[in-house]
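Report on the structure given below.
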Amino acid sequence: MRRVAATAVLTAGLVAAAAVPGAADAQRGLELADAQHARELAGAPHGWEQAAMRVPGAQRIAEGKGVTVAVLDTGVMKGHPEFRGRVTSGPDFIGGGARPGQSYWGGHGTAMASSVLHVAPDSRVLSVRVIWDREDPARKRAEKAAKDGKIGADKESERAGNALAKGIRYAVDHGARVVSMSLGTAEWGWGGYEDDTAAAVDYAVGKGVILVASAGNGGSTDPLEVDANNTMSYPAGYPGVIAVAALAPDGVRAEFSQVHTYNTIAAPGVDIYAARNTGGYEAGDGTSPACALVAGTAALMLSANPKLTPRQVRDILVRTARKPPAGYTPFLGFGLVNAEAAVKAASTATAAKIAAVPYKGKQYFGDGPVGSPVGHPPIDQTMLWVGGGAIGVGVLCGVGAFFLFRRPRARRGRRAAA
């Protein structure tokens with residue numbers, strides 16, 4: 001997450017821009033549903049994401065009761081007053097020596113858990129530590145090892161390589177219905193596609209768990225932005241994962257949000273206030289809080305209807321989103337998540353049924369035709385005889401020439417001398 005100062009607030013100019021994007025922004029903009037909603041945004045600079053996603057309406061239907069959201073991150077300071085006993089800590093799969101209470105332990109993860117609970121206040125959070133905070137000395141050591149080409153020899157880097165896969169499996173096996181992954185290879189520094197993580201994703205989806213991941217923060221076009229790469233980011237790029245792009249208060253893509261065809265949905269990602277690991281609150285930017293907000297929305301949906309499958313959750317989020325003019329764009333996916341509409345649709349959705357599609361064509365098994373339906377005309381034998389004869393003559397000529405040129409050279413020389 002791209003963190004900003006704790007005292008940061010939305011500027012008046014930024015809030016005033018909360019309106020329908022102009023034609024020049026049509027390919028990446030998001031049309032606000034109506035003028036009334038635009039006025040709601042303009043009047044709510046602090047916590048604008050609640051109005052943008054229509055969270056209050058969704059919370060009148062469900063508040064996340066009975067749903068556990070696993071936050072796979074840098075750890076969560078569960079003693080923060082924000083959480084009030086709603087956070088359980090799982091194992092630390094990445095290690096590195098940092099401990100709760102240190103400034104570089106749980107900074108990012110604490111904010112993400114806070115954002116989840118702001119949307120789904122009755123849900124519970126399972127914290128599983130799988131990445132380091134940016135200022136963690138272990139991360140700096142691992143980055144140095146990678147720069148020196150010693151990844152294989154560095155135990156911390158090696159441990160980091162499979163921490164995410166272990167975290168996903170642990171979360172699934174310990175009751176999580178939603179897994180929130182505000183992380184990605186483009187920003188957090190490990191390799192790209194990983195077989196063990198892909199297998200863990202398949203395992204989770206097979207168990208009916210909803211996986212949500214941030215799209216990545218490398219989408220800036222500013223040549224001076226060090227994170228501007230827009231590379232493929234995992235786990236957002238794995239099939240079965242809901243990838244979340246970040247939206248700015250003016251209704252367009254946040255300038256850092258990565259642009260890829262794996263983007264499924266968008267959520268607010270600028271000036272999102274959340275709990276701080278050292279106490280109090282601060283605002284942050286990034287696709288990370290956008291991911292956490294969507295994870296909270298998924299928790300509301302499951303609370304309203306526990307029988308929803310991962311595919312149903314994704315389809316409802318897509319169907320109820322406030323879509324860009326083009327319907328889908330790699331900038332914002334299918335548009336801004338509409339929590340109220342999604343929870344309403346979830347509450348009335350019927351159980352998914354898996355059945356074979358009946359075949360309605362002709363039957364070719366059992367009493368079907370016994371011969372081949374395809375016929376061929378007879379082959380003309382005349383051409384075969386002509387071709388065979390020509391080949392035979394050619395072979396004889398070749399043999400005769402071979403023996404003619406193999407006569408001893410010396411004898412020919414003596415005859416010529418005589």
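Following the order of the structure tokens, first chain is A, next is B, and so on, with residues numbered from 1 inside each chain and ligands from 1 in the order they appear.
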May I have a table of the residues of stretch 111-156 of chain A lying at most 10 Å from stretch 44-57 of chain A, giving each one's closest pair of atoms and their distance in Å to one decimal, counting only C-alpha atoms, ordered by chain and ascending residue number, as JSON lines?
{"residue": "A:His118", "atom": "CA", "partner": "A:Gln50", "partner_atom": "CA", "distance": 8.5}
{"residue": "A:Val119", "atom": "CA", "partner": "A:Val55", "partner_atom": "CA", "distance": 6.5}
{"residue": "A:Ala120", "atom": "CA", "partner": "A:Val55", "partner_atom": "CA", "distance": 9.0}
Could you write those residues out with N, CA and C atoms, as a tab-separated table (two decimals), in the first residue's frame?
chain	number	residue	atom	x	y	z
A	118	HIS	N	-14.32	-2.44	8.39
A	118	HIS	CA	-15.14	-1.25	8.15
A	118	HIS	C	-16.32	-1.58	7.26
A	119	VAL	N	-16.16	-2.57	6.40
A	119	VAL	CA	-17.26	-2.99	5.52
A	119	VAL	C	-18.09	-4.08	6.18
A	120	ALA	N	-17.43	-5.06	6.79
A	120	ALA	CA	-18.12	-6.20	7.41
A	120	ALA	C	-17.81	-6.23	8.90
List every residue of stretch 276-312 of chain A that has an atom at most 9 Å from any atom of stretch 74-97 of chain A, giving for each one its closest atom pair and the distance in Å to one decimal, counting only C-alpha atoms, sorted by chain and then by ascending residue number, as JSON lines.
{"residue": "A:Arg276", "atom": "CA", "partner": "A:His80", "partner_atom": "CA", "distance": 8.2}
{"residue": "A:Asn277", "atom": "CA", "partner": "A:Met77", "partner_atom": "CA", "distance": 5.8}
{"residue": "A:Thr278", "atom": "CA", "partner": "A:Met77", "partner_atom": "CA", "distance": 8.4}
{"residue": "A:Gly279", "atom": "CA", "partner": "A:His80", "partner_atom": "CA", "distance": 6.6}
{"residue": "A:Gly280", "atom": "CA", "partner": "A:His80", "partner_atom": "CA", "distance": 8.3}
Dump of N, CA and C atoms for the selected residues, as a tab-separated table (two decimals), in the first residue's frame:
chain	number	residue	atom	x	y	z
A	276	ARG	N	-3.71	2.04	12.42
A	276	ARG	CA	-2.25	2.04	12.29
A	276	ARG	C	-1.66	1.11	13.36
A	277	ASN	N	-0.62	0.37	12.99
A	277	ASN	CA	-0.06	-0.63	13.91
A	277	ASN	C	0.51	-0.02	15.18
A	278	THR	N	0.90	1.24	15.15
A	278	THR	CA	1.45	1.90	16.33
A	278	THR	C	0.39	2.69	17.10
A	279	GLY	N	-0.89	2.54	16.69
A	279	GLY	CA	-1.97	3.24	17.36
A	279	GLY	C	-2.56	4.33	16.50
A	280	GLY	N	-3.83	4.62	16.71
A	280	GLY	CA	-4.49	5.66	15.94
A	280	GLY	C	-4.84	5.20	14.53
Practice prompt. Give the alpha helix (DSSP H) residues of stretch 131-223 of chain A, as DSSP finds them on the backbone, and put them as a PyMOL selection string.
Written response: chain A and resi 137-147+155-161+163-173+185-188+195-206
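Of the listed residues A:Ala283, A:Ala243, A:Ala341, A:Ile61, the one whose atoms come nearest to A:Val212 is A:Ala243, with distances taken using only C-alpha atoms.
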Write out as CSV a residue-level contact list of stretch 259-357 of chain A versus stretch 200-205 of chain A with cut-off 9 Å: for each qualifying residue the closest pair of atoms and the distance in Å to one decimal, counting only C-alpha atoms, rows sorted by chain and residue number upward.
residue,atom,partner,partner_atom,distance
A:Thr309,CA,A:Val205,CA,8.7
A:Pro310,CA,A:Val205,CA,6.7
A:Arg311,CA,A:Val205,CA,9.0
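Taking only C-alpha atoms into account, A:Gln102 lies nearest to A:Asp133 out of the set A:Asp133, A:Leu247, A:Val69, A:Leu396.
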Practice prompt. Would you please give, as number ranges by chain, all residues of stretch 51-273 of chain A that DSSP assigns to strand (DSSP E) based on the backbone?
Written response: A: 68-73, 87-92, 124-129, 178-181, 210-214, 241-247, 263-268, 272-273
